[in-house]
file structure.txt (compact mmCIF, C-alpha atoms)
# COMPACT_ATOMS: atom_id res chain seq x y z
CA MET A 198 24.69 -0.53 28.40
CA PRO A 199 27.75 -0.92 26.14
CA LYS A 200 27.47 0.46 22.64
CA GLN A 201 26.66 -2.17 20.01
CA SER A 202 29.63 -3.00 17.80
CA PHE A 203 29.01 -3.84 14.14
CA SER A 204 32.63 -4.64 13.33
CA GLY A 205 31.80 -8.25 12.45
CA LEU A 206 29.21 -7.32 9.83
CA ARG A 207 30.67 -7.31 6.31
CA LEU A 208 28.50 -6.00 3.49
CA GLU A 209 28.76 -5.22 -0.21
CA GLY A 210 26.62 -2.24 0.67
CA THR A 211 27.03 -0.01 3.70
CA LEU A 212 26.38 -0.10 7.43
CA SER A 213 26.12 3.31 9.03
CA THR A 214 25.59 4.77 12.48
CA ASP A 215 26.00 8.30 11.15
CA SER A 216 23.53 10.75 12.70
CA GLN A 217 22.09 11.75 9.33
CA GLU A 218 21.45 8.14 8.35
CA ILE A 219 19.94 7.41 11.75
CA ALA A 220 17.63 10.44 11.43
CA TYR A 221 16.59 9.33 7.94
CA ALA A 222 15.70 5.84 9.15
CA ALA A 223 13.92 7.13 12.26
CA ALA A 224 11.31 8.86 10.09
CA ASP A 225 8.77 7.87 7.47
CA PHE A 226 6.19 9.43 5.18
CA GLY A 227 3.64 9.59 8.00
CA GLY A 228 5.79 11.96 10.02
CA ILE A 229 3.96 10.98 13.21
CA ILE A 230 6.24 8.49 14.97
CA SER A 231 10.02 8.50 15.21
CA ARG A 232 11.87 5.40 16.36
CA THR A 233 15.65 5.58 16.52
CA PRO A 234 17.59 2.58 15.18
CA LEU A 235 21.11 1.60 16.17
CA ALA A 236 22.23 1.42 12.56
CA VAL A 237 21.14 1.57 8.94
CA ALA A 238 22.23 -1.22 6.58
CA ARG A 239 21.92 -0.47 2.88
CA ALA A 240 21.82 -3.80 1.10
CA HIS A 241 23.39 -4.10 -2.35
CA SER A 242 22.57 -7.79 -2.78
CA PRO A 243 20.51 -10.61 -1.27
CA ARG A 244 23.78 -11.75 0.36
CA ASP A 245 23.78 -8.49 2.33
CA VAL A 246 20.26 -9.23 3.55
CA ARG A 247 21.40 -12.67 4.74
CA SER A 248 24.41 -11.17 6.50
CA VAL A 249 22.33 -8.57 8.33
CA LEU A 250 19.72 -11.08 9.49
CA ARG A 251 22.31 -13.58 10.67
CA PHE A 252 24.28 -10.90 12.50
CA ALA A 253 21.09 -9.66 14.15
CA ALA A 254 20.18 -13.18 15.29
CA GLU A 255 23.63 -13.71 16.77
CA HIS A 256 23.49 -10.42 18.68
CA GLY A 257 19.86 -10.37 19.73
CA LEU A 258 18.93 -7.42 17.53
CA SER A 259 15.76 -6.70 15.61
CA VAL A 260 15.64 -5.81 11.91
CA THR A 261 12.99 -3.88 10.02
CA PRO A 262 13.06 -3.89 6.19
CA ARG A 263 12.48 -0.54 4.48
CA GLY A 264 11.70 0.21 0.87
CA GLN A 265 10.72 3.83 0.22
CA GLY A 266 9.54 4.46 3.79
CA HIS A 267 6.04 5.33 2.64
CA SER A 268 4.39 3.92 5.76
CA SER A 269 2.25 6.21 7.90
CA MET A 270 2.97 5.23 11.48
CA GLY A 271 6.45 3.86 11.97
CA GLN A 272 5.94 0.51 10.24
CA ALA A 273 9.35 0.85 8.51
CA GLN A 274 11.23 1.92 11.65
CA ALA A 275 13.23 -0.08 14.18
CA VAL A 276 13.61 0.63 17.89
CA SER A 277 17.22 0.03 18.94
CA GLY A 278 17.69 -2.31 16.00
CA ILE A 279 18.76 -2.23 12.36
CA VAL A 280 16.79 -0.64 9.56
CA LEU A 281 17.51 -2.71 6.45
CA ASP A 282 17.21 -0.34 3.51
CA LEU A 283 16.47 -2.16 0.25
CA SER A 284 16.29 0.82 -2.08
CA ASP A 285 19.57 -0.13 -3.80
CA LEU A 286 18.12 -3.52 -4.77
CA ASN A 287 16.48 -1.92 -7.78
CA THR A 288 17.23 -3.94 -10.91
CA VAL A 289 14.56 -5.02 -13.37
CA HIS A 290 15.90 -8.37 -14.53
CA ASP A 291 14.02 -10.48 -17.06
CA ILE A 292 10.99 -9.24 -19.01
CA SER A 293 9.21 -11.87 -21.08
CA SER A 294 5.85 -11.87 -22.82
CA ASP A 295 3.87 -12.51 -19.65
CA ARG A 296 6.08 -11.80 -16.61
CA VAL A 297 8.89 -9.77 -15.12
CA VAL A 298 11.54 -10.58 -12.53
CA VAL A 299 12.30 -7.51 -10.45
CA ASP A 300 14.24 -6.61 -7.32
CA ALA A 301 12.21 -5.63 -4.28
CA GLY A 302 13.63 -2.12 -3.93
CA THR A 303 12.52 -1.10 -7.43
CA THR A 304 9.79 1.50 -7.48
CA TRP A 305 6.62 0.75 -9.39
CA ALA A 306 7.34 3.80 -11.56
CA ALA A 307 10.71 2.35 -12.60
CA LEU A 308 9.18 -1.07 -13.17
CA LEU A 309 6.39 0.34 -15.33
CA ALA A 310 8.85 2.41 -17.36
CA ALA A 311 10.80 -0.78 -18.09
CA THR A 312 7.81 -2.96 -18.97
CA LEU A 313 6.22 -0.31 -21.19
CA GLN A 314 9.27 -0.53 -23.44
CA HIS A 315 7.93 -4.01 -24.24
CA GLY A 316 4.29 -2.90 -24.46
CA LEU A 317 3.47 -4.57 -21.13
CA THR A 318 2.22 -3.55 -17.69
CA PRO A 319 1.50 -5.09 -14.29
CA ARG A 320 -2.21 -5.71 -13.80
CA VAL A 321 -2.51 -3.56 -10.67
CA LEU A 322 -0.75 -0.28 -9.96
CA THR A 323 -1.14 1.78 -6.83
CA ASP A 324 -2.19 5.40 -7.29
CA TYR A 325 1.25 6.64 -6.25
CA LEU A 326 4.08 4.84 -8.04
CA GLY A 327 6.89 6.02 -5.77
CA THR A 328 6.46 3.02 -3.48
CA SER A 329 8.66 -0.07 -3.84
CA VAL A 330 7.70 -3.48 -5.17
CA GLY A 331 8.75 -5.21 -1.97
CA GLY A 332 7.01 -2.61 0.15
CA THR A 333 3.56 -2.98 -1.36
CA LEU A 334 3.87 -6.77 -1.67
CA SER A 335 4.49 -6.80 2.08
CA VAL A 336 1.16 -5.09 2.76
CA GLY A 337 -1.25 -5.71 -0.14
CA GLY A 338 -1.15 -2.94 -2.74
CA ILE A 339 -4.57 -1.69 -3.80
CA GLY A 340 -5.37 0.38 -6.88
CA GLY A 341 -8.07 1.44 -9.30
CA THR A 342 -7.94 -1.87 -11.19
CA THR A 343 -8.24 -3.98 -8.03
CA HIS A 344 -11.94 -4.52 -8.74
CA ARG A 345 -10.78 -6.49 -11.81
CA TYR A 346 -7.58 -8.19 -10.70
CA GLY A 347 -7.38 -8.10 -6.91
CA VAL A 348 -4.56 -6.40 -5.01
CA GLN A 349 -0.91 -6.57 -5.99
CA THR A 350 -0.27 -9.52 -3.67
CA ASP A 351 -2.89 -11.47 -5.64
CA ASN A 352 -0.73 -10.97 -8.72
CA VAL A 353 2.58 -12.62 -7.85
CA LEU A 354 3.99 -15.76 -9.44
CA SER A 355 6.93 -16.35 -7.10
CA LEU A 356 9.16 -14.65 -4.55
CA ASP A 357 12.79 -14.84 -3.53
CA VAL A 358 12.90 -14.30 0.21
CA VAL A 359 15.54 -14.20 2.92
CA THR A 360 13.79 -15.57 5.97
CA GLY A 361 14.44 -14.44 9.50
CA ASP A 362 16.83 -17.36 10.06
CA GLY A 363 19.09 -15.94 7.33
CA GLU A 364 18.23 -18.53 4.67
CA PHE A 365 17.58 -17.67 1.03
CA ARG A 366 14.37 -19.32 -0.17
CA THR A 367 12.19 -19.28 -3.27
CA CYS A 368 8.47 -19.66 -2.72
CA SER A 369 5.33 -19.71 -4.83
CA PRO A 370 1.81 -21.15 -4.70
CA THR A 371 3.35 -24.61 -5.30
CA GLU A 372 6.85 -24.26 -3.76
CA SER A 373 6.83 -23.60 0.00
CA PRO A 374 3.29 -22.20 -0.18
CA ASP A 375 3.20 -21.67 3.58
CA LEU A 376 6.06 -19.20 3.29
CA PHE A 377 4.56 -17.58 0.18
CA ASN A 378 1.29 -16.99 2.02
CA ALA A 379 3.06 -15.73 5.14
CA VAL A 380 5.22 -13.21 3.28
CA LEU A 381 2.61 -11.66 0.97
CA ALA A 382 0.87 -8.96 3.05
CA GLY A 383 2.87 -10.30 6.02
CA PHE A 384 4.53 -6.99 6.93
CA GLY A 385 8.02 -8.46 6.73
CA ARG A 386 7.49 -10.59 9.82
CA CYS A 387 8.66 -13.94 8.40
CA GLY A 388 11.07 -12.90 5.69
CA VAL A 389 12.44 -10.10 3.56
CA ILE A 390 11.32 -10.06 -0.06
CA VAL A 391 14.40 -9.51 -2.25
CA ARG A 392 12.98 -10.37 -5.68
CA ALA A 393 9.56 -11.01 -7.19
CA THR A 394 8.19 -12.52 -10.38
CA ILE A 395 5.09 -10.59 -11.40
CA PRO A 396 2.67 -11.37 -14.24
CA LEU A 397 2.30 -8.85 -17.05
CA ILE A 398 -0.45 -8.09 -19.54
CA ALA A 399 -0.53 -6.06 -22.73
CA ALA A 400 -0.42 -2.37 -21.87
CA PRO A 401 -3.02 -0.08 -23.40
CA GLU A 402 -1.71 2.93 -25.27
CA ARG A 403 -4.45 5.34 -24.22
CA VAL A 404 -6.84 5.99 -21.34
CA ARG A 405 -10.24 7.68 -21.58
CA ARG A 406 -10.72 9.20 -18.12
CA ILE A 407 -14.11 10.47 -16.96
CA LYS A 408 -14.92 12.51 -13.86
CA VAL A 409 -18.56 12.88 -12.84
CA TYR A 410 -19.69 14.94 -9.83
CA TYR A 411 -22.69 14.16 -7.62
CA PRO A 412 -24.37 16.13 -4.83
CA THR A 413 -24.29 13.28 -2.31
CA ALA A 414 -21.97 10.46 -1.26
CA ALA A 415 -24.90 8.03 -1.49
CA GLU A 416 -25.37 8.81 -5.19
CA LEU A 417 -21.65 8.36 -5.80
CA ARG A 418 -21.63 4.95 -4.14
CA SER A 419 -24.80 3.91 -5.96
CA GLN A 420 -23.06 4.58 -9.27
CA GLN A 421 -19.93 2.79 -8.11
CA ARG A 422 -21.96 -0.29 -7.20
CA LYS A 423 -23.66 -0.32 -10.59
CA LEU A 424 -20.40 0.09 -12.50
CA LEU A 425 -18.75 -2.61 -10.40
CA ARG A 426 -21.51 -5.03 -11.42
CA GLU A 427 -21.38 -4.00 -15.06
CA ARG A 428 -17.56 -4.04 -15.33
CA ARG A 429 -17.92 -1.10 -17.67
CA PHE A 430 -14.60 0.51 -16.75
CA ASP A 431 -11.07 -0.73 -16.25
CA PHE A 432 -10.38 1.76 -13.46
CA LEU A 433 -12.98 2.55 -10.78
CA GLN A 434 -12.62 4.92 -7.83
CA GLY A 435 -14.45 7.70 -6.04
CA GLN A 436 -13.46 10.79 -4.10
CA ILE A 437 -15.13 13.03 -1.53
CA LEU A 438 -13.58 16.46 -1.90
CA PRO A 439 -13.92 19.72 0.03
CA SER A 440 -15.40 22.70 -1.78
CA ASP A 441 -16.55 26.20 -0.93
CA ALA A 442 -20.09 24.84 -0.67
CA GLY A 443 -19.20 21.88 1.55
CA TRP A 444 -18.34 18.56 -0.10
CA VAL A 445 -18.42 17.30 -3.65
CA HIS A 446 -18.54 13.63 -4.64
CA MET A 447 -16.57 12.59 -7.70
CA LEU A 448 -16.73 9.38 -9.66
CA ASP A 449 -13.32 8.74 -11.21
CA VAL A 450 -13.43 6.06 -13.93
CA SER A 451 -11.34 5.14 -16.94
CA ALA A 452 -11.49 2.91 -20.00
CA PHE A 453 -8.17 1.61 -21.35
CA TYR A 454 -7.69 1.16 -25.09
CA THR A 455 -5.25 0.96 -27.96
CA PRO A 456 -6.10 2.69 -31.27
CA PRO A 457 -7.81 2.09 -33.56
CA ALA A 458 -10.12 0.37 -31.06
CA GLU A 459 -11.39 3.60 -29.52
CA PRO A 460 -14.19 3.61 -26.90
CA ASP A 461 -17.47 5.40 -27.59
CA ASP A 462 -17.91 8.25 -25.10
CA ALA A 463 -21.70 8.17 -25.29
CA THR A 464 -21.71 4.51 -24.31
CA LEU A 465 -19.22 5.07 -21.49
CA VAL A 466 -21.24 7.86 -19.87
CA ASP A 467 -24.69 6.40 -20.48
CA ASP A 468 -26.88 6.40 -17.39
CA ILE A 469 -24.25 7.65 -14.94
CA GLY A 470 -25.52 11.22 -14.66
CA TYR A 471 -22.84 12.77 -16.85
CA ASP A 472 -23.33 16.51 -17.44
CA PRO A 473 -21.00 17.97 -20.10
CA ALA A 474 -21.36 21.43 -18.54
CA ARG A 475 -20.08 20.17 -15.19
CA ASP A 476 -18.13 16.97 -15.73
CA LYS A 477 -14.99 16.11 -17.63
CA ILE A 478 -13.70 13.64 -20.21
CA GLU A 479 -9.99 13.59 -20.99
CA ASP A 480 -7.75 11.38 -23.07
CA LEU A 481 -4.28 10.49 -21.79
CA SER A 482 -1.44 8.20 -22.65
CA TYR A 483 -1.27 5.19 -20.34
CA TRP A 484 1.97 6.54 -18.84
CA GLU A 485 0.42 9.95 -18.22
CA PHE A 486 -2.49 8.29 -16.48
CA ALA A 487 -0.35 5.95 -14.38
CA THR A 488 1.83 8.84 -13.20
CA ARG A 489 -1.05 11.30 -12.80
CA LEU A 490 -0.17 11.98 -9.15
CA ASP A 491 3.29 13.32 -9.99
CA GLU A 492 1.81 16.77 -10.56
CA THR A 493 -0.02 16.60 -7.24
CA VAL A 494 3.17 15.58 -5.42
CA THR A 495 5.01 18.51 -6.99
CA TYR A 496 2.28 20.85 -5.78
CA LEU A 497 2.34 19.39 -2.27
CA GLU A 498 6.11 19.79 -2.17
CA THR A 499 5.73 23.50 -2.93
CA THR A 500 3.16 23.94 -0.15
CA GLY A 501 5.19 21.87 2.32
CA GLU A 502 2.36 19.36 2.77
CA TRP A 503 4.36 16.49 1.26
CA ARG A 504 6.75 16.77 4.21
CA ALA A 505 4.05 17.43 6.82
CA PRO A 506 2.55 14.66 8.98
CA HIS A 507 0.17 12.36 7.09
CA PRO A 508 -2.27 10.64 9.47
CA TRP A 509 -3.95 8.55 6.76
CA PRO A 510 -6.44 5.89 7.92
CA ASN A 511 -7.43 3.07 5.54
CA LEU A 512 -10.50 0.99 6.37
CA PHE A 513 -12.52 -1.72 4.64
CA LEU A 514 -16.29 -1.85 5.15
CA PRO A 515 -18.85 -4.41 4.02
CA ASP A 516 -21.03 -2.90 1.33
CA ARG A 517 -24.09 -3.28 3.55
CA THR A 518 -22.62 -0.94 6.23
CA THR A 519 -20.55 1.43 4.09
CA ASP A 520 -23.32 4.02 3.83
CA THR A 521 -23.77 4.02 7.61
CA PHE A 522 -20.03 4.36 8.22
CA VAL A 523 -19.50 7.17 5.73
CA ASP A 524 -22.51 9.03 7.11
CA GLN A 525 -21.02 8.68 10.60
CA ILE A 526 -17.57 10.00 9.73
CA MET A 527 -18.91 12.80 7.53
CA HIS A 528 -21.30 14.05 10.23
CA GLY A 529 -19.73 17.25 11.49
CA LEU A 530 -16.51 16.68 9.52
CA SER A 531 -14.90 19.96 8.48
CA HIS A 532 -12.27 20.68 5.87
CA SER A 533 -9.78 21.35 8.66
CA ASP A 534 -10.29 17.79 9.93
CA LEU A 535 -8.59 16.59 6.74
CA GLY A 536 -6.14 19.44 6.21
CA ALA A 537 -5.69 21.86 3.34
CA SER A 538 -5.33 19.25 0.57
CA GLY A 539 -7.18 16.42 2.30
CA LEU A 540 -9.80 14.20 0.70
CA ILE A 541 -11.52 10.84 1.16
CA LEU A 542 -11.17 7.96 -1.30
CA THR A 543 -13.69 5.17 -1.82
CA TYR A 544 -12.91 2.00 -3.80
CA PRO A 545 -15.55 -0.69 -4.39
CA VAL A 546 -14.23 -4.24 -4.71
CA SER A 547 -15.83 -7.63 -5.23
CA THR A 548 -14.05 -9.89 -2.77
CA ASP A 549 -14.02 -12.89 -5.12
CA VAL A 550 -10.88 -11.38 -6.73
CA LEU A 551 -9.02 -11.21 -3.39
CA THR A 552 -7.03 -14.37 -2.69
CA THR A 553 -4.14 -13.35 -0.37
CA PRO A 554 -4.79 -15.01 3.02
CA LEU A 555 -3.21 -12.22 5.09
CA PHE A 556 -4.92 -9.39 3.21
CA ARG A 557 -7.80 -9.23 5.65
CA VAL A 558 -11.11 -7.82 4.49
CA PRO A 559 -14.71 -8.08 5.71
CA ASP A 560 -16.65 -11.25 5.04
CA ALA A 561 -18.91 -9.83 2.37
CA PRO A 562 -19.28 -10.25 -1.40
CA THR A 563 -18.62 -6.54 -1.96
CA ILE A 564 -16.54 -4.19 0.16
CA PHE A 565 -15.47 -0.56 0.05
CA LEU A 566 -12.09 0.85 0.94
CA VAL A 567 -12.63 4.17 2.72
CA ALA A 568 -9.36 6.06 3.04
CA ALA A 569 -8.82 9.58 4.34
CA LEU A 570 -5.80 11.46 3.03
CA ARG A 571 -5.21 13.80 5.95
CA PHE A 572 -2.55 16.50 6.13
CA ALA A 573 -1.62 17.87 9.55
CA SER A 574 -0.09 21.32 9.92
CA SER A 575 1.44 20.53 13.34
CA GLU A 576 2.29 17.64 15.65
CA SER A 577 -0.64 18.44 17.94
CA ILE A 578 -3.09 18.37 15.03
CA ALA A 579 -1.54 15.10 13.85
CA GLU A 580 -2.18 13.62 17.30
CA GLN A 581 -5.80 14.76 17.15
CA MET A 582 -6.17 13.15 13.73
CA VAL A 583 -4.67 9.87 14.95
CA ARG A 584 -7.17 9.79 17.83
CA SER A 585 -9.94 10.43 15.31
CA ASN A 586 -8.58 7.59 13.16
CA ARG A 587 -8.81 5.24 16.12
CA ARG A 588 -12.45 6.21 16.67
CA TRP A 589 -13.12 5.57 12.97
CA PHE A 590 -11.43 2.18 13.28
CA ASP A 591 -13.49 1.17 16.31
CA SER A 592 -16.65 2.25 14.51
CA ALA A 593 -15.66 0.32 11.38
CA VAL A 594 -14.94 -2.86 13.38
CA GLY A 595 -18.34 -2.51 15.02
CA LEU A 596 -19.85 -2.47 11.54
CA GLY A 597 -17.99 -5.58 10.41
CA GLY A 598 -15.04 -3.70 8.96
CA THR A 599 -11.27 -4.20 8.99
CA SER A 600 -8.20 -2.02 8.71
CA TYR A 601 -5.72 -1.94 5.85
CA PRO A 602 -2.93 -1.53 8.41
CA VAL A 603 -0.54 0.64 6.43
CA GLY A 604 -2.12 3.78 7.82
CA ALA A 605 -2.04 5.86 10.97
CA ILE A 606 -4.21 3.80 13.31
CA PRO A 607 -2.67 2.64 16.62
CA PHE A 608 -2.83 -1.14 16.80
CA THR A 609 -2.56 -3.25 19.96
CA GLU A 610 -1.63 -6.93 20.05
CA ASP A 611 -5.31 -7.74 20.51
CA ASP A 612 -6.08 -5.65 17.44
CA TRP A 613 -3.55 -7.70 15.45
CA ARG A 614 -5.03 -10.95 16.65
CA ASN A 615 -8.55 -9.84 15.79
CA HIS A 616 -7.36 -8.50 12.47
CA LEU A 617 -5.77 -11.81 11.49
CA GLY A 618 -8.75 -13.82 12.67
CA GLN A 619 -8.55 -17.44 11.51
CA ALA A 620 -5.17 -16.74 9.85
CA HIS A 621 -3.58 -15.91 13.21
CA GLN A 622 -2.56 -19.45 14.19
CA SER A 623 -0.94 -20.40 10.86
CA PHE A 624 0.81 -17.04 10.64
CA ALA A 625 2.23 -17.31 14.18
CA GLU A 626 3.45 -20.82 13.36
CA ALA A 627 5.14 -19.52 10.19
CA GLU A 628 6.84 -16.78 12.22
CA ALA A 629 8.17 -19.36 14.67
CA ARG A 630 9.33 -21.62 11.81
CA TYR A 631 11.05 -19.05 9.61
CA ASP A 632 12.19 -16.51 12.20
CA PRO A 633 12.96 -18.54 15.32
CA SER A 634 15.18 -15.83 16.82
CA GLU A 635 12.44 -13.22 16.36
CA VAL A 636 14.70 -10.94 14.35
CA LEU A 637 12.16 -9.38 12.00
CA ASN A 638 9.83 -6.61 13.14
CA ARG A 639 10.01 -7.86 16.71
CA ARG A 640 7.54 -5.30 18.02
CA LEU A 641 4.80 -6.90 15.86
CA LYS A 642 5.47 -10.52 16.82
CA LEU A 643 2.62 -12.75 17.93
CA THR A 644 2.69 -15.92 19.97
CA PRO A 645 0.97 -19.06 18.65
call {"tool": "encode", "arguments": {"input": "structure.txt", "output": "C-alpha cells"}}
result
Amino acid sequence: MPKQSFSGLRLEGTLSTDSQEIAYAAADFGGIISRTPLAVARAHSPRDVRSVLRFAAEHGLSVTPRGQGHSSMGQAQAVSGIVLDLSDLNTVHDISSDRVVVDAGTTWAALLAATLQHGLTPRVLTDYLGTSVGGTLSVGGIGGTTHRYGVQTDNVLSLDVVTGDGEFRTCSPTESPDLFNAVLAGFGRCGVIVRATIPLIAAPERVRRIKVYYPTAAELRSQQRKLLRERRFDFLQGQILPSDAGWVHMLDVSAFYTPPAEPDDATLVDDIGYDPARDKIEDLSYWEFATRLDETVTYLETTGEWRAPHPWPNLFLPDRTTDTFVDQIMHGLSHSDLGASGLILTYPVSTDVLTTPLFRVPDAPTIFLVAALRFASSESIAEQMVRSNRRWFDSAVGLGGTSYPVGAIPFTEDDWRNHLGQAHQSFAEAEARYDPSEVLNRRLKLTP
C-alpha cells in the first residue's frame, strides 16, 4: 500500500508524521490500548478543523478529535487515520455576567481561572480539571454538583461545530437542535466542537467541606440518599477506600458560601453520624476546593501511577439495584484488585436534572454512578482489570444499569445499540446527515 501523502493539506497549525508525535497520539491516559495514526494535525483555528475533515473525506481517511487525551480505552485514538489535536484551540473569549464563550481545547482549570476573575463559575466542574471543554462536552461531564445542575452537557447554551462534511455550523436548543443533541455526549461522531457558550453563576468565595466515615457502604448510601432529597449540600459524593482493616466508606460533602453568610457547622452535620474524633471539617477557598486533586496528581506522578495503565470503569445503576450491585462487586474484592491508590466513587443523582438525550442513564428517578479508579502495575494486570470491568458491566446491565462509556469497558456494536436505546435511530440519521463520508470516529459508526 502506498504511503499516504499529506502534501495537499495546508494548515495554520501543524501536520506531523514524526515518530514522537505518532507515539503521543497512539496513547491516552488509560494506557491500555495503542492505535497508531497516520498523522497528527494540531489545529490552530476552526479553519484548520475544516481543512482536515475535508481532506480526510477526499482521501477516505478517518479523523478522531483529541483534547487532553484523558480517555481510558483508546477513544481519542485513530487507526490508520488522523488524530486531530485541539489543545491549541484554548482561548477564553467573551465573559459576561451569565455566560462565557470558550474554545474547545481549553482546560476546565484554565476556564475556571478566567471566570473567577469576574467572580463567576460554571455550574458543574469535573473532579479533575485537566480535561478539555470539548472533551467532556463530547461525553457528558459529571461532577459533585451534578445532583443540582445535571452534567456539563446539560449546561450548554450553544456550540460552534465543524461537522464531518467540513461545514462550520452553530447549533443550540433552538438553532439546528438535531445537531446540538447529536454532538453533546455524541463522542465526536457527527462533528467536532470548536467553541462553546456555557452559562455561568456567581462563584462562592469559600467551601465548607465535610468528610464523614461509616463502617458500611449501605450506611454511606443511606446518608447520600437522604442528603440528595434534602438538598442540604452543594457538593455530594461518596468514596469506598481501602484501609488496613478492609474498607472504609466516606461521605464527601460541601457547602458553598461567601462571607459574611457563613454556614452553621452544627446544622450541616446534624443527623449524618458526624463524629468530631473521627471525621473532618475543613474550610477552603473555592479555587482550592475546585483544584483539590492537583495534590493527588502530584503524588501519583511521584509514584509512577499517573503514567501507569488506568482501567477505570464507570457505571450507572438504578437506585433500587445499587445496593445489590455494590455488594456483588465488593464481594471478595481486594485492595490489589484496584491497585495501590485505587478507590471506588459513588455519586447519587436525581435524573430529573439530566436532559442530554445521548447521556444514557437508567430509567429511574434516582441513580448512582459507581466508578472504580483502578491503577494497574503491569499490562497483564491491566488486562485482568479490563476483563473484570466487562463482568461488572454485564452485571450492571442485568440490573437495569448503563455505562458511562468514557472508561475501560470493551464495547461491541450491539453494546452501542443497546446503550443508545431509543436514541439510536435519530443518532444514526444525524451521523448520515452530517458526516456522509463517515470521516469521524469511523470505528464507532452505526447504521440506521
call {"tool": "residues_around", "arguments": {"input": "structure.txt", "residues": "Ala458 of chain A", "least_positions_apart": "5", "cutoff": "12 Å", "atoms": "only C-alpha atoms", "output": "PyMOL selection string"}}
result
chain A and resi 401-405+452-453
call {"tool": "axis_aligned_box", "arguments": {"input": "structure.txt", "around": "segment 306-323 of chain A", "padding_each_side": "4 Å", "output": "AutoDock Vina command-line options"}}
result
--center_x 4.1 --center_y -1.0 --center_z -15.6 --size_x 21.3 --size_y 17.5 --size_z 25.6
call {"tool": "residues_around", "arguments": {"input": "structure.txt", "residues": "His616 of chain A", "least_positions_apart": "6", "cutoff": "8 Å", "atoms": "all atoms listed in the file", "output": "PyMOL selection string"}}
result
chain A and resi 557+599-600
call {"tool": "atom_distance", "arguments": {"input": "structure.txt", "atom1": "atom CA of Gln436 of chain A", "atom2": "atom CA of Thr518 of chain A"}}
result
18.1 Å
call {"tool": "atom_distance", "arguments": {"input": "structure.txt", "atom1": "atom CA of Leu465 of chain A", "atom2": "atom CA of Thr413 of chain A"}}
result
21.5 Å
call {"tool": "closest_residue", "arguments": {"input": "structure.txt", "among": "A:Phe565, A:Tyr471, A:Phe365, A:Trp444", "to": "Asp516 of chain A", "atoms": "all atoms listed in the file"}}
result
A:Phe565
call {"tool": "closest_residue", "arguments": {"input": "structure.txt", "among": "A:Ala307, A:Val603, A:Val594, A:Ala400", "to": "Phe556 of chain A", "atoms": "all atoms listed in the file"}}
result
A:Val603
call {"tool": "residues_around", "arguments": {"input": "structure.txt", "residues": "Ile398 of chain A", "least_positions_apart": "2", "cutoff": "8 Å", "atoms": "all atoms listed in the file", "output": "PyMOL selection string"}}
result
chain A and resi 295+317-320+396+400
call {"tool": "residues_around", "arguments": {"input": "structure.txt", "residues": "Glu209 of chain A", "least_positions_apart": "6", "cutoff": "10 Å", "atoms": "only C-alpha atoms", "output": "list in words"}}
result
Arg239, Ala240, His241, Ser242, Pro243, Arg244, Asp245 and Ser248 of chain A
call {"tool": "closest_residue", "arguments": {"input": "structure.txt", "among": "A:Lys423, A:Arg418, A:Arg588, A:Arg475", "to": "Leu542 of chain A", "atoms": "only C-alpha atoms"}}
result
A:Arg418
call {"tool": "residues_around", "arguments": {"input": "structure.txt", "residues": "segment 211-215 of chain A", "least_positions_apart": "5", "cutoff": "6 Å", "atoms": "only C-alpha atoms", "output": "PyMOL selection string"}}
result
chain A and resi 236-239
call {"tool": "closest_residue", "arguments": {"input": "structure.txt", "among": "A:Met527, A:Met270, A:Ser355, A:Gly597", "to": "Pro370 of chain A", "atoms": "only C-alpha atoms"}}
result
A:Ser355
call {"tool": "closest_residue", "arguments": {"input": "structure.txt", "among": "A:Gly435, A:Gly340, A:Pro515, A:Pro633", "to": "Tyr411 of chain A", "atoms": "all atoms listed in the file"}}
result
A:Gly435
call {"tool": "decode", "arguments": {"input": "structure.txt", "residues": "segment 523-542 of chain A", "atoms": "C-alpha atoms", "output": "mmCIF file, in the first residue's frame"}}
result
data_model
loop_
_atom_site.group_PDB
_atom_site.id
_atom_site.type_symbol
_atom_site.label_atom_id
_atom_site.label_comp_id
_atom_site.auth_asym_id
_atom_site.auth_seq_id
_atom_site.Cartn_x
_atom_site.Cartn_y
_atom_site.Cartn_z
ATOM 1 C CA VAL A 523 -22.123 -2.786 45.048
ATOM 2 C CA ASP A 524 -22.463 -5.854 47.263
ATOM 3 C CA GLN A 525 -21.687 -8.031 44.232
ATOM 4 C CA ILE A 526 -18.555 -6.178 43.162
ATOM 5 C CA MET A 527 -17.263 -5.773 46.720
ATOM 6 C CA HIS A 528 -17.658 -9.486 47.498
ATOM 7 C CA GLY A 529 -14.123 -10.836 47.525
ATOM 8 C CA LEU A 530 -12.654 -7.581 46.178
ATOM 9 C CA SER A 531 -9.127 -6.993 47.456
ATOM 10 C CA HIS A 532 -7.034 -3.857 47.532
ATOM 11 C CA SER A 533 -4.862 -5.307 44.779
ATOM 12 C CA ASP A 534 -7.926 -5.512 42.510
ATOM 13 C CA LEU A 535 -7.936 -1.706 42.471
ATOM 14 C CA GLY A 536 -4.205 -1.046 42.694
ATOM 15 C CA ALA A 537 -2.135 0.824 45.240
ATOM 16 C CA SER A 538 -4.074 4.117 45.089
ATOM 17 C CA GLY A 539 -7.372 2.715 43.850
ATOM 18 C CA LEU A 540 -10.797 3.592 45.212
ATOM 19 C CA ILE A 541 -14.478 3.470 44.285
ATOM 20 C CA LEU A 542 -16.619 6.582 43.822
#
